[in-house]
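One structure is given below, encoded as structure tokens.
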Amino acid sequence: MILAAAEYRDFISSYPISPSAPYAQLQIALTYFNKTLKPGRDQTKTEQALIEFKRVINDYPLTEEAKTAREKIKICEDRLAEHTLGIGELYYKRKAYKAAISRFKEILSDYPAYSKLDEVFFLLGDSYYKADQTQESIPYFTKLISDYPQSKFAKLAQERMEEIEKKGPQ
């Protein structure tokens with residue numbers, strides 16, 4: 001795969017305006033993508049694939065390869081967000097709320113299209129809540145309840161909001 005990527009790079013540098021250049025760039029991205037590991041494992045190949053897919057879109061935006069790259073970018077970003085979520089959950093379970101908050105905020109800023117944002121909003125709000133920063137938790141619980149009313153986390157967020165109201169302002 002490394003040799004294939006090198007050959008494709010050589011082709012692109014030799015023939016940058018060739019009609020086959022978008023295909024070659026997509027193939028480079030796919031060599032990394034096909035080596036990606038599951039969340040919880042080293043995500044270096046996922047990050048490299050993401051960079052290469054973005055290069056397809058930047059260099060050849062109107063091609064069919066760019067369409068494929070956009071689909072693969074979503075998969076890569078979901079995988080990276082899932083990996084970060086796992087780390088954040090580990091910190092959350094160990095009551096290291098400051099570290100958990102940092103990871104959950106990273107997901108919100110870096111992967112806004114992540115498929116499990118409802119869980120991220122809950123865990124972020126709950127991390128603030130459990131770290132005795134209830135005022136900081138309210139916007140995340142509110143966002144979860146309003147944007148994801150059917151989520152299983154919305155009910156938990158509603159319960160937390162009721163607890164916050166009972167305690168009163170701090």
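For the structure tokens, the naming scheme is as follows: chains receive sequential letters (A, B, ...) according to their order of presentation, residues are indexed from 1 within each chain, and ligands are indexed from 1 in presentation order.
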- Write out as a count of residues only which residues come within 8 Å of region 87-100 of chain A when counting only C-alpha atoms, dropping same-chain ones fewer than 6 positions away. 7
- Item | Counting only C-alpha atoms, the option among A:Ser146, A:Met1, A:Glu82, A:Lys54 closest to Leu37 (chain A) |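 When distances to Leu37 (chain A) are compared using only C-alpha atoms, the smallest one comes from A:Glu82.
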Please report as JSON lines every residue of region 54-113 of chain A lying within 12 Å of region 134-142 of chain A, along with the nearest atom pair and their distance in Å (one decimal), using only C-alpha atoms.
{"residue": "A:Ile101", "atom": "CA", "partner": "A:Ser137", "partner_atom": "CA", "distance": 10.5}
{"residue": "A:Phe104", "atom": "CA", "partner": "A:Tyr140", "partner_atom": "CA", "distance": 11.1}
{"residue": "A:Lys105", "atom": "CA", "partner": "A:Tyr140", "partner_atom": "CA", "distance": 10.7}
{"residue": "A:Leu108", "atom": "CA", "partner": "A:Tyr140", "partner_atom": "CA", "distance": 11.0}
- Message: Which residue is closest to Asp78 (chain A)? Choose from A:Lys45, A:Lys116, A:Lys35, A:Arg160 and count only C-alpha atoms.
- Response: A:Lys116
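Separating CA of Glu163 (chain A) from CA of Gly125 (chain A) is a distance of 13.0 Å.
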- Find the residues near Asp10 (chain A): any atom within 12 Å, counting only C-alpha atoms, skip ones fewer than 5 places away on the same chain, and give them as a list of chain:residue names.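 In the requested format, the answer is A:Leu3, A:Ala4, A:Ala5, A:Tyr15, A:Pro16, A:Ala21, A:Ala24, A:Gln25, A:Ile28.
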Just-selected residues, N, CA, C and O atoms written as a tab-separated table (two decimals), in the first residue's frame:
chain	number	residue	atom	x	y	z
A	3	LEU	N	3.80	1.56	-1.31
A	3	LEU	CA	4.35	1.71	-2.66
A	3	LEU	C	3.29	2.24	-3.62
A	3	LEU	O	3.59	3.06	-4.48
A	4	ALA	N	2.08	1.75	-3.47
A	4	ALA	CA	0.99	2.22	-4.34
A	4	ALA	C	0.77	3.72	-4.14
A	4	ALA	O	0.64	4.47	-5.11
A	5	ALA	N	0.74	4.15	-2.87
A	5	ALA	CA	0.55	5.57	-2.60
A	5	ALA	C	1.68	6.39	-3.19
A	5	ALA	O	1.45	7.46	-3.77
A	15	TYR	N	1.91	14.52	-13.68
A	15	TYR	CA	0.78	14.90	-14.54
A	15	TYR	C	-0.33	15.55	-13.70
A	15	TYR	O	-1.43	15.00	-13.55
A	16	PRO	N	-0.09	16.73	-13.15
A	16	PRO	CA	-1.06	17.35	-12.22
A	16	PRO	C	-2.40	17.72	-12.85
A	16	PRO	O	-3.40	17.80	-12.13
A	21	ALA	N	-5.78	12.41	-12.46
A	21	ALA	CA	-5.20	12.91	-11.21
A	21	ALA	C	-6.18	12.82	-10.03
A	21	ALA	O	-5.77	12.40	-8.95
A	24	ALA	N	-6.18	9.29	-8.87
A	24	ALA	CA	-4.93	8.96	-8.18
A	24	ALA	C	-4.94	9.50	-6.75
A	24	ALA	O	-4.53	8.81	-5.81
A	25	GLN	N	-5.41	10.73	-6.57
A	25	GLN	CA	-5.46	11.31	-5.22
A	25	GLN	C	-6.44	10.55	-4.34
A	25	GLN	O	-6.16	10.30	-3.17
A	28	ILE	N	-4.78	7.42	-3.14
A	28	ILE	CA	-3.85	7.69	-2.04
A	28	ILE	C	-4.62	7.71	-0.73
A	28	ILE	O	-4.21	7.08	0.26
- Backbone DSSP call of helix (DSSP H, G or I) for chain A, listed as a PyMOL selection string: chain A and resi 2-14+21-33+44-59+64-93+97-110+117-130+134-147+152-167
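Note that the spacing between CA of Met161 (chain A) and CA of Asp118 (chain A) amounts to 15.6 Å.
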- Can you tell me, as a ChimeraX atom specification, what residues are no more than 12 Å from Gln48 (chain A) when counting only C-alpha atoms, ignoring any on the same chain fewer than 5 positions away? /A:28-36,42-43,53-55,73,76-77,80
- Item | Residue with smallest distance to Lys143 (chain A) - pool A:Ser18, A:Gln158, A:Thr68, A:Ser115, counting only C-alpha atoms |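 Nearest to Lys143 (chain A): A:Gln158.
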